[in-house]
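Student: Contents are PDB, C-alpha atoms; file name target_29.pdb:
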ATOM      1  CA  GLN A 125      78.283 106.801  99.781  1.00  0.00           C
ATOM      2  CA  LYS A 126      81.039 104.418  98.806  1.00  0.00           C
ATOM      3  CA  GLU A 127      83.745 103.806 101.376  1.00  0.00           C
ATOM      4  CA  VAL A 128      86.599 104.792  99.062  1.00  0.00           C
ATOM      5  CA  GLU A 129      86.061 106.969  96.007  1.00  0.00           C
ATOM      6  CA  GLN A 130      88.351 107.941  93.166  1.00  0.00           C
ATOM      7  CA  ASN A 131      87.924 109.657  89.839  1.00  0.00           C
ATOM      8  CA  SER A 132      87.744 106.836  87.321  1.00  0.00           C
ATOM      9  CA  GLY A 133      89.560 108.775  84.642  1.00  0.00           C
ATOM     10  CA  PRO A 134      91.111 108.212  82.295  1.00  0.00           C
ATOM     11  CA  LEU A 135      93.560 110.891  83.309  1.00  0.00           C
ATOM     12  CA  SER A 136      95.932 111.885  80.540  1.00  0.00           C
ATOM     13  CA  VAL A 137      99.089 113.890  81.142  1.00  0.00           C
ATOM     14  CA  PRO A 138     102.026 114.680  78.875  1.00  0.00           C
ATOM     15  CA  GLU A 139     105.384 113.116  79.580  1.00  0.00           C
ATOM     16  CA  GLY A 140     107.325 115.146  82.146  1.00  0.00           C
ATOM     17  CA  ALA A 141     104.220 116.680  83.726  1.00  0.00           C
ATOM     18  CA  ILE A 142     102.870 116.125  87.234  1.00  0.00           C
ATOM     19  CA  ALA A 143     100.039 113.618  87.525  1.00  0.00           C
ATOM     20  CA  SER A 144      97.673 114.191  90.437  1.00  0.00           C
ATOM     21  CA  LEU A 145      95.463 111.347  91.635  1.00  0.00           C
ATOM     22  CA  ASN A 146      92.811 111.907  94.282  1.00  0.00           C
ATOM     23  CA  CYS A 147      90.952 109.718  96.725  1.00  0.00           C
ATOM     24  CA  THR A 148      88.325 110.357  99.399  1.00  0.00           C
ATOM     25  CA  TYR A 149      87.135 107.987 102.096  1.00  0.00           C
ATOM     26  CA  SER A 150      84.043 107.915 104.228  1.00  0.00           C
ATOM     27  CA  ASP A 151      85.122 106.450 107.560  1.00  0.00           C
ATOM     28  CA  ARG A 152      86.717 109.028 109.871  1.00  0.00           C
ATOM     29  CA  VAL A 153      88.419 106.352 111.969  1.00  0.00           C
ATOM     30  CA  SER A 154      90.567 105.214 109.030  1.00  0.00           C
ATOM     31  CA  GLN A 155      94.220 105.141 109.964  1.00  0.00           C
ATOM     32  CA  SER A 156      96.269 103.594 107.160  1.00  0.00           C
ATOM     33  CA  PHE A 157      96.264 104.613 103.518  1.00  0.00           C
ATOM     34  CA  PHE A 158      97.840 102.994 100.496  1.00  0.00           C
ATOM     35  CA  TRP A 159      98.415 103.549  96.820  1.00  0.00           C
ATOM     36  CA  TYR A 160      98.740 100.580  94.501  1.00  0.00           C
ATOM     37  CA  ARG A 161      99.722 100.583  90.846  1.00  0.00           C
ATOM     38  CA  GLN A 162      98.209  97.971  88.560  1.00  0.00           C
ATOM     39  CA  TYR A 163      99.437  97.473  85.040  1.00  0.00           C
ATOM     40  CA  SER A 164      97.039  95.885  82.589  1.00  0.00           C
ATOM     41  CA  GLY A 165      96.995  92.132  83.081  1.00  0.00           C
ATOM     42  CA  LYS A 166      99.090  92.300  86.243  1.00  0.00           C
ATOM     43  CA  SER A 167      98.326  92.234  89.953  1.00  0.00           C
ATOM     44  CA  PRO A 168      98.376  95.355  92.153  1.00  0.00           C
ATOM     45  CA  GLU A 169     101.751  96.540  93.409  1.00  0.00           C
ATOM     46  CA  LEU A 170     102.096  98.603  96.588  1.00  0.00           C
ATOM     47  CA  ILE A 171     103.889 101.861  95.815  1.00  0.00           C
ATOM     48  CA  MET A 172     103.124 104.107  98.805  1.00  0.00           C
ATOM     49  CA  SER A 173     101.823 103.883 102.355  1.00  0.00           C
ATOM     50  CA  ILE A 174     100.950 106.886 104.506  1.00  0.00           C
ATOM     51  CA  TYR A 175      99.715 107.014 108.088  1.00  0.00           C
ATOM     52  CA  SER A 176     100.092 110.637 109.260  1.00  0.00           C
ATOM     53  CA  ASN A 177      98.768 113.941 108.016  1.00  0.00           C
ATOM     54  CA  GLY A 178     101.069 115.694 105.591  1.00  0.00           C
ATOM     55  CA  ASP A 179     103.297 114.627 102.763  1.00  0.00           C
ATOM     56  CA  LYS A 180     105.407 111.538 102.251  1.00  0.00           C
ATOM     57  CA  GLU A 181     107.876 111.475  99.395  1.00  0.00           C
ATOM     58  CA  ASP A 182     109.487 108.481  97.721  1.00  0.00           C
ATOM     59  CA  GLY A 183     111.393 109.257  94.570  1.00  0.00           C
ATOM     60  CA  ARG A 184     109.019 110.758  92.015  1.00  0.00           C
ATOM     61  CA  PHE A 185     105.995 109.852  94.139  1.00  0.00           C
ATOM     62  CA  THR A 186     104.460 112.008  96.883  1.00  0.00           C
ATOM     63  CA  ALA A 187     101.494 110.890  98.946  1.00  0.00           C
ATOM     64  CA  GLN A 188      99.472 113.547 100.751  1.00  0.00           C
ATOM     65  CA  LEU A 189      97.057 112.870 103.578  1.00  0.00           C
ATOM     66  CA  ASN A 190      94.484 115.181 105.144  1.00  0.00           C
ATOM     67  CA  LYS A 191      92.450 113.287 107.722  1.00  0.00           C
ATOM     68  CA  ALA A 192      90.254 116.273 108.555  1.00  0.00           C
ATOM     69  CA  SER A 193      89.113 116.424 104.938  1.00  0.00           C
ATOM     70  CA  GLN A 194      89.192 112.617 104.579  1.00  0.00           C
ATOM     71  CA  TYR A 195      91.340 113.029 101.525  1.00  0.00           C
ATOM     72  CA  VAL A 196      94.478 111.327 100.253  1.00  0.00           C
ATOM     73  CA  SER A 197      96.305 112.045  97.029  1.00  0.00           C
ATOM     74  CA  LEU A 198      99.229 110.775  94.994  1.00  0.00           C
ATOM     75  CA  LEU A 199     101.433 113.067  92.951  1.00  0.00           C
ATOM     76  CA  ILE A 200     103.728 111.647  90.298  1.00  0.00           C
ATOM     77  CA  ARG A 201     106.418 114.102  89.212  1.00  0.00           C
ATOM     78  CA  ASP A 202     108.147 113.937  85.843  1.00  0.00           C
ATOM     79  CA  SER A 203     105.566 111.442  84.601  1.00  0.00           C
ATOM     80  CA  GLN A 204     106.865 108.753  82.280  1.00  0.00           C
ATOM     81  CA  PRO A 205     104.997 106.560  79.789  1.00  0.00           C
ATOM     82  CA  SER A 206     105.891 103.646  82.074  1.00  0.00           C
ATOM     83  CA  ASP A 207     103.674 105.240  84.740  1.00  0.00           C
ATOM     84  CA  SER A 208     100.637 104.512  82.569  1.00  0.00           C
ATOM     85  CA  ALA A 209      98.542 102.180  84.708  1.00  0.00           C
ATOM     86  CA  THR A 210      95.531 102.078  86.992  1.00  0.00           C
ATOM     87  CA  TYR A 211      96.173 103.503  90.451  1.00  0.00           C
ATOM     88  CA  LEU A 212      94.174 102.070  93.321  1.00  0.00           C
ATOM     89  CA  CYS A 213      93.645 103.904  96.590  1.00  0.00           C
ATOM     90  CA  ALA A 214      93.146 101.643  99.602  1.00  0.00           C
ATOM     91  CA  VAL A 215      92.175 102.385 103.185  1.00  0.00           C
ATOM     92  CA  ASN A 216      92.369 100.442 106.422  1.00  0.00           C
ATOM     93  CA  LYS A 217      89.914 101.470 109.102  1.00  0.00           C
ATOM     94  CA  GLY A 218      91.947 100.533 112.129  1.00  0.00           C
ATOM     95  CA  GLY A 219      90.873  97.822 114.531  1.00  0.00           C
ATOM     96  CA  ASP A 220      90.138  95.743 111.458  1.00  0.00           C
ATOM     97  CA  ASP A 221      92.690  93.901 109.373  1.00  0.00           C
ATOM     98  CA  LYS A 222      90.818  94.480 106.113  1.00  0.00           C
ATOM     99  CA  VAL A 223      91.725  97.011 103.468  1.00  0.00           C
ATOM    100  CA  ILE A 224      89.039  98.613 101.304  1.00  0.00           C
ATOM    101  CA  PHE A 225      89.984  99.429  97.717  1.00  0.00           C
ATOM    102  CA  GLY A 226      88.697 102.274  95.626  1.00  0.00           C
ATOM    103  CA  PRO A 227      87.582 101.795  92.022  1.00  0.00           C
ATOM    104  CA  GLY A 228      90.913 102.997  90.637  1.00  0.00           C
ATOM    105  CA  THR A 229      92.001 105.834  88.350  1.00  0.00           C
ATOM    106  CA  SER A 230      93.401 105.050  84.939  1.00  0.00           C
ATOM    107  CA  LEU A 231      96.448 107.173  84.113  1.00  0.00           C
ATOM    108  CA  SER A 232      97.839 107.571  80.624  1.00  0.00           C
ATOM    109  CA  VAL A 233     101.145 109.403  80.138  1.00  0.00           C
ATOM    110  CA  ILE A 234     101.449 110.640  76.586  1.00  0.00           C
ATOM    111  CA  PRO A 235     104.971 110.729  75.091  1.00  0.00           C
TER     112      PRO A 235
ATOM    113  CA  SER B  57     107.442  92.386 100.907  1.00  0.00           C
ATOM    114  CA  ALA B  58     106.923  88.686 100.139  1.00  0.00           C
ATOM    115  CA  VAL B  59     107.246  86.339  97.203  1.00  0.00           C
ATOM    116  CA  ILE B  60     103.808  84.951  96.443  1.00  0.00           C
ATOM    117  CA  SER B  61     102.945  82.360  93.837  1.00  0.00           C
ATOM    118  CA  GLN B  62      99.569  81.190  92.616  1.00  0.00           C
ATOM    119  CA  LYS B  63      98.581  78.109  90.693  1.00  0.00           C
ATOM    120  CA  PRO B  64      97.168  77.869  88.124  1.00  0.00           C
ATOM    121  CA  SER B  65      97.900  81.190  86.465  1.00  0.00           C
ATOM    122  CA  ARG B  66      94.866  80.715  84.247  1.00  0.00           C
ATOM    123  CA  ASP B  67      92.268  78.097  83.478  1.00  0.00           C
ATOM    124  CA  ILE B  68      89.218  77.544  81.326  1.00  0.00           C
ATOM    125  CA  CYS B  69      86.538  75.499  83.061  1.00  0.00           C
ATOM    126  CA  GLN B  70      83.118  74.205  82.141  1.00  0.00           C
ATOM    127  CA  ARG B  71      80.090  75.376  84.035  1.00  0.00           C
ATOM    128  CA  GLY B  72      79.117  73.178  86.941  1.00  0.00           C
ATOM    129  CA  THR B  73      82.693  72.149  87.702  1.00  0.00           C
ATOM    130  CA  SER B  74      85.035  73.525  90.377  1.00  0.00           C
ATOM    131  CA  LEU B  75      88.476  75.095  90.355  1.00  0.00           C
ATOM    132  CA  THR B  76      90.911  75.108  93.250  1.00  0.00           C
ATOM    133  CA  ILE B  77      93.492  77.878  93.331  1.00  0.00           C
ATOM    134  CA  GLN B  78      96.641  77.563  95.410  1.00  0.00           C
ATOM    135  CA  CYS B  79      98.543  80.411  97.024  1.00  0.00           C
ATOM    136  CA  GLN B  80     102.069  79.844  98.356  1.00  0.00           C
ATOM    137  CA  VAL B  81     104.184  82.410 100.234  1.00  0.00           C
ATOM    138  CA  ASP B  82     107.934  82.221 100.726  1.00  0.00           C
ATOM    139  CA  SER B  83     107.708  83.062 104.436  1.00  0.00           C
ATOM    140  CA  GLN B  84     105.232  82.841 107.271  1.00  0.00           C
ATOM    141  CA  VAL B  85     102.583  85.535 107.229  1.00  0.00           C
ATOM    142  CA  THR B  86      99.924  86.533 109.703  1.00  0.00           C
ATOM    143  CA  MET B  87      97.056  87.278 107.365  1.00  0.00           C
ATOM    144  CA  MET B  88      96.043  85.913 103.976  1.00  0.00           C
ATOM    145  CA  PHE B  89      93.163  87.201 101.883  1.00  0.00           C
ATOM    146  CA  TRP B  90      91.348  86.209  98.734  1.00  0.00           C
ATOM    147  CA  TYR B  91      90.043  88.833  96.303  1.00  0.00           C
ATOM    148  CA  ARG B  92      88.092  88.795  93.078  1.00  0.00           C
ATOM    149  CA  GLN B  93      88.658  91.311  90.310  1.00  0.00           C
ATOM    150  CA  GLN B  94      86.074  91.243  87.566  1.00  0.00           C
ATOM    151  CA  PRO B  95      86.954  92.721  84.166  1.00  0.00           C
ATOM    152  CA  GLY B  96      87.433  96.470  84.387  1.00  0.00           C
ATOM    153  CA  GLN B  97      86.574  96.510  88.074  1.00  0.00           C
ATOM    154  CA  SER B  98      88.414  97.066  91.323  1.00  0.00           C
ATOM    155  CA  LEU B  99      89.189  94.459  93.941  1.00  0.00           C
ATOM    156  CA  THR B 100      86.449  92.809  95.984  1.00  0.00           C
ATOM    157  CA  LEU B 101      87.410  90.948  99.136  1.00  0.00           C
ATOM    158  CA  ILE B 102      85.990  87.435  99.220  1.00  0.00           C
ATOM    159  CA  ALA B 103      87.307  86.268 102.573  1.00  0.00           C
ATOM    160  CA  THR B 104      90.096  86.276 105.105  1.00  0.00           C
ATOM    161  CA  ALA B 105      91.850  82.911 105.306  1.00  0.00           C
ATOM    162  CA  ASN B 106      92.452  82.129 108.972  1.00  0.00           C
ATOM    163  CA  GLN B 107      95.116  79.632 109.911  1.00  0.00           C
ATOM    164  CA  GLY B 108      93.634  76.752 111.873  1.00  0.00           C
ATOM    165  CA  SER B 109      90.051  77.973 111.736  1.00  0.00           C
ATOM    166  CA  GLU B 110      87.243  78.682 109.306  1.00  0.00           C
ATOM    167  CA  ALA B 111      87.651  81.572 106.888  1.00  0.00           C
ATOM    168  CA  THR B 112      85.832  84.842 107.501  1.00  0.00           C
ATOM    169  CA  TYR B 113      83.614  85.665 104.529  1.00  0.00           C
ATOM    170  CA  GLU B 114      82.487  89.057 103.324  1.00  0.00           C
ATOM    171  CA  SER B 115      78.889  89.900 102.603  1.00  0.00           C
ATOM    172  CA  GLY B 116      77.730  88.192  99.440  1.00  0.00           C
ATOM    173  CA  PHE B 117      80.242  85.353  99.617  1.00  0.00           C
ATOM    174  CA  VAL B 118      79.473  81.992 101.211  1.00  0.00           C
ATOM    175  CA  ILE B 119      81.525  79.005 102.200  1.00  0.00           C
ATOM    176  CA  ASP B 120      79.596  76.555 100.022  1.00  0.00           C
ATOM    177  CA  LYS B 121      80.523  78.521  96.910  1.00  0.00           C
ATOM    178  CA  PHE B 122      84.043  79.593  97.949  1.00  0.00           C
ATOM    179  CA  PRO B 123      85.516  77.054 100.379  1.00  0.00           C
ATOM    180  CA  ILE B 124      88.911  78.138 101.677  1.00  0.00           C
ATOM    181  CA  SER B 125      91.641  76.232 103.440  1.00  0.00           C
ATOM    182  CA  ARG B 126      94.681  77.515 105.290  1.00  0.00           C
ATOM    183  CA  PRO B 127      96.575  74.600 106.770  1.00  0.00           C
ATOM    184  CA  ASN B 128      99.663  76.619 107.749  1.00  0.00           C
ATOM    185  CA  LEU B 129     101.173  80.109 107.735  1.00  0.00           C
ATOM    186  CA  THR B 130     102.513  79.919 104.169  1.00  0.00           C
ATOM    187  CA  PHE B 131      99.733  78.276 102.144  1.00  0.00           C
ATOM    188  CA  SER B 132      96.061  78.690 101.322  1.00  0.00           C
ATOM    189  CA  THR B 133      93.597  77.422  98.745  1.00  0.00           C
ATOM    190  CA  LEU B 134      90.418  78.927  97.346  1.00  0.00           C
ATOM    191  CA  THR B 135      87.918  76.707  95.565  1.00  0.00           C
ATOM    192  CA  VAL B 136      85.294  78.231  93.321  1.00  0.00           C
ATOM    193  CA  SER B 137      82.483  75.686  93.190  1.00  0.00           C
ATOM    194  CA  ASN B 138      79.626  74.996  90.806  1.00  0.00           C
ATOM    195  CA  LEU B 139      81.065  77.367  88.249  1.00  0.00           C
ATOM    196  CA  SER B 140      78.926  79.656  86.132  1.00  0.00           C
ATOM    197  CA  PRO B 141      79.999  82.208  83.505  1.00  0.00           C
ATOM    198  CA  GLU B 142      79.519  84.938  86.142  1.00  0.00           C
ATOM    199  CA  ASP B 143      82.492  83.475  88.018  1.00  0.00           C
ATOM    200  CA  SER B 144      84.808  84.399  85.163  1.00  0.00           C
ATOM    201  CA  SER B 145      87.236  86.733  86.844  1.00  0.00           C
ATOM    202  CA  ILE B 146      90.736  87.154  88.190  1.00  0.00           C
ATOM    203  CA  TYR B 147      91.247  85.714  91.649  1.00  0.00           C
ATOM    204  CA  LEU B 148      94.040  87.147  93.749  1.00  0.00           C
ATOM    205  CA  CYS B 149      95.542  86.146  97.037  1.00  0.00           C
ATOM    206  CA  SER B 150      97.243  88.712  99.214  1.00  0.00           C
ATOM    207  CA  VAL B 151      99.222  88.629 102.442  1.00  0.00           C
ATOM    208  CA  GLN B 152     100.014  90.882 105.354  1.00  0.00           C
ATOM    209  CA  LYS B 153     103.401  90.200 106.878  1.00  0.00           C
ATOM    210  CA  ASP B 154     103.196  92.600 109.786  1.00  0.00           C
ATOM    211  CA  ALA B 155     102.747  90.405 112.861  1.00  0.00           C
ATOM    212  CA  GLN B 156     101.740  93.414 114.926  1.00  0.00           C
ATOM    213  CA  LEU B 157      99.154  94.440 112.317  1.00  0.00           C
ATOM    214  CA  VAL B 158     100.435  97.982 112.522  1.00  0.00           C
ATOM    215  CA  SER B 159     100.983  98.781 108.884  1.00  0.00           C
ATOM    216  CA  TYR B 160      98.284  96.646 107.230  1.00  0.00           C
ATOM    217  CA  GLU B 161     100.316  96.641 104.024  1.00  0.00           C
ATOM    218  CA  GLN B 162      99.163  93.908 101.678  1.00  0.00           C
ATOM    219  CA  TYR B 163     101.141  92.225  98.918  1.00  0.00           C
ATOM    220  CA  PHE B 164      99.494  90.404  96.060  1.00  0.00           C
ATOM    221  CA  GLY B 165     100.130  87.227  94.199  1.00  0.00           C
ATOM    222  CA  PRO B 166     100.155  87.250  90.386  1.00  0.00           C
ATOM    223  CA  GLY B 167      96.518  86.198  90.156  1.00  0.00           C
ATOM    224  CA  THR B 168      94.566  83.384  88.527  1.00  0.00           C
ATOM    225  CA  ARG B 169      92.502  84.194  85.465  1.00  0.00           C
ATOM    226  CA  LEU B 170      89.403  81.984  85.340  1.00  0.00           C
ATOM    227  CA  THR B 171      87.183  81.688  82.311  1.00  0.00           C
ATOM    228  CA  VAL B 172      83.984  79.660  82.596  1.00  0.00           C
ATOM    229  CA  THR B 173      82.411  78.379  79.406  1.00  0.00           C
TER     230      THR B 173
END
Kindly transcribe the structure held in the file into structure tokens.

Tutor:
Amino acid sequence: QKEVEQNSGPLSVPEGAIASLNCTYSDRVSQSFFWYRQYSGKSPELIMSIYSNGDKEDGRFTAQLNKASQYVSLLIRDSQPSDSATYLCAVNKGGDDKVIFGPGTSLSVIP
Amino acid sequence: SAVISQKPSRDICQRGTSLTIQCQVDSQVTMMFWYRQQPGQSLTLIATANQGSEATYESGFVIDKFPISRPNLTFSTLTVSNLSPEDSSIYLCSVQKDAQLVSYEQYFGPGTRLTVT
């Protein structure tokens, strides 16, 4: 089992819809969770961090964490074509300064 | 966050040669990391660059192939030695600014695209 798993996609949503990106992780002691956005040809950009169970909202983005289910998700409301990118889920296990990245989900927002 | 620069942004190298990539941060940071991202793939951690001591390498990466320096808290270099076409990739440095290592948020440089011919 891979440490961090994501649906590879591509995920296509129409402009204005909600895009839902999912991530599962294998290590129950994980404590910090991140979502990065990576445009083609660019480096990853941190867009959300979440540390506690529940929801965290930042503008059109909502991160959801369920540690019991070892599941973290990212919702993008009112999706825009500019949201088209690969979204990387990343997890830190705690007690270790490393972050493990998932394979990424490619999102395409169709005008 | 942090302002991170990398040099060169891209290079084409012949097999058997070496390339040294520089990573410069605009402020002191606790942790610096080097990643590889092969075409269409996610990020793979090569090593943690430790200031004042030898880098900590991940499984599958060795110092002879990927020597790393970190002379101070704002600068690091990664050398990719004895290049082969399989080394063609994007190499990224990242930093953690949190001195308490509470958040573990990492910020990435723009990357170096290496092509080996």

Student: So, counting all atoms listed in the file, which residue among A:Pro227, A:Ser154, A:Ala214, A:Ile142 is closest to Ile171 (chain A)?

Tutor: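 Once distances to Ile171 (chain A) are computed over all atoms listed in the file, the minimum belongs to A:Ala214.
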
Student: Set out as a Markdown table a contact list for chain B and chain A with a cut-off of 7 Å, giving each residue of chain B that qualifies its closest atom pair and distance in Å to one decimal, counting all atoms listed in the file, ordered by chain and rising residue number.

Tutor:
| residue | atom | partner | partner_atom | distance |
| --- | --- | --- | --- | --- |
| B:Gln97 | CA | A:Pro227 | CA | 6.7 |
| B:Ser98 | CA | A:Pro227 | CA | 4.9 |
| B:Leu99 | CA | A:Phe225 | CA | 6.3 |
| B:Ser159 | CA | A:Ser156 | CA | 7.0 |
| B:Tyr160 | CA | A:Asp221 | CA | 6.6 |
| B:Tyr163 | CA | A:Leu170 | CA | 6.9 |
| B:Phe164 | CA | A:Pro168 | CA | 6.4 |
| B:Gly165 | CA | A:Ser167 | CA | 6.8 |
| B:Pro166 | CA | A:Ser167 | CA | 5.3 |
| B:Gly167 | CA | A:Ser167 | CA | 6.3 |

Student: In Å, with one decimal, what is the gap from CA of Gln162 (chain A) to CA of Ala209 (chain A)?

Tutor: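 Computing the Euclidean distance for CA of Gln162 (chain A) and CA of Ala209 (chain A) yields 5.7 Å.
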
Student: Would you write out, as number ranges by chain, every residue that the PyMOL selection byres ((chain B and resi 121) around 12) captures in this file?

Tutor: B: 72-76, 102-103, 113, 116-120, 122-124, 134-140, 143

Student: Include C-alpha atoms and write out the residues we just selected as a compact mmCIF listing (two decimals), keeping the file's coordinate frame.

Tutor:
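File produced: part.txt:
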# COMPACT_ATOMS: atom_id res chain seq x y z
CA GLY B 72 79.12 73.18 86.94
CA THR B 73 82.69 72.15 87.70
CA SER B 74 85.04 73.53 90.38
CA LEU B 75 88.48 75.10 90.36
CA THR B 76 90.91 75.11 93.25
CA ILE B 102 85.99 87.44 99.22
CA ALA B 103 87.31 86.27 102.57
CA TYR B 113 83.61 85.66 104.53
CA GLY B 116 77.73 88.19 99.44
CA PHE B 117 80.24 85.35 99.62
CA VAL B 118 79.47 81.99 101.21
CA ILE B 119 81.53 79.00 102.20
CA ASP B 120 79.60 76.56 100.02
CA PHE B 122 84.04 79.59 97.95
CA PRO B 123 85.52 77.05 100.38
CA ILE B 124 88.91 78.14 101.68
CA LEU B 134 90.42 78.93 97.35
CA THR B 135 87.92 76.71 95.56
CA VAL B 136 85.29 78.23 93.32
CA SER B 137 82.48 75.69 93.19
CA ASN B 138 79.63 75.00 90.81
CA LEU B 139 81.06 77.37 88.25
CA SER B 140 78.93 79.66 86.13
CA ASP B 143 82.49 83.48 88.02

Student: I want to know what sits within 6 Å of region 196-198 of chain A, based on all atoms listed in the file, with residues of the same chain fewer than 4 positions away left out; could you give that as a list in words?

Tutor: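 Skipping anything fewer than 4 positions along the chain leaves Ser144, Leu145, Asn146, Cys147, Thr186, Ala187, Gln188 and Leu189 of chain A.
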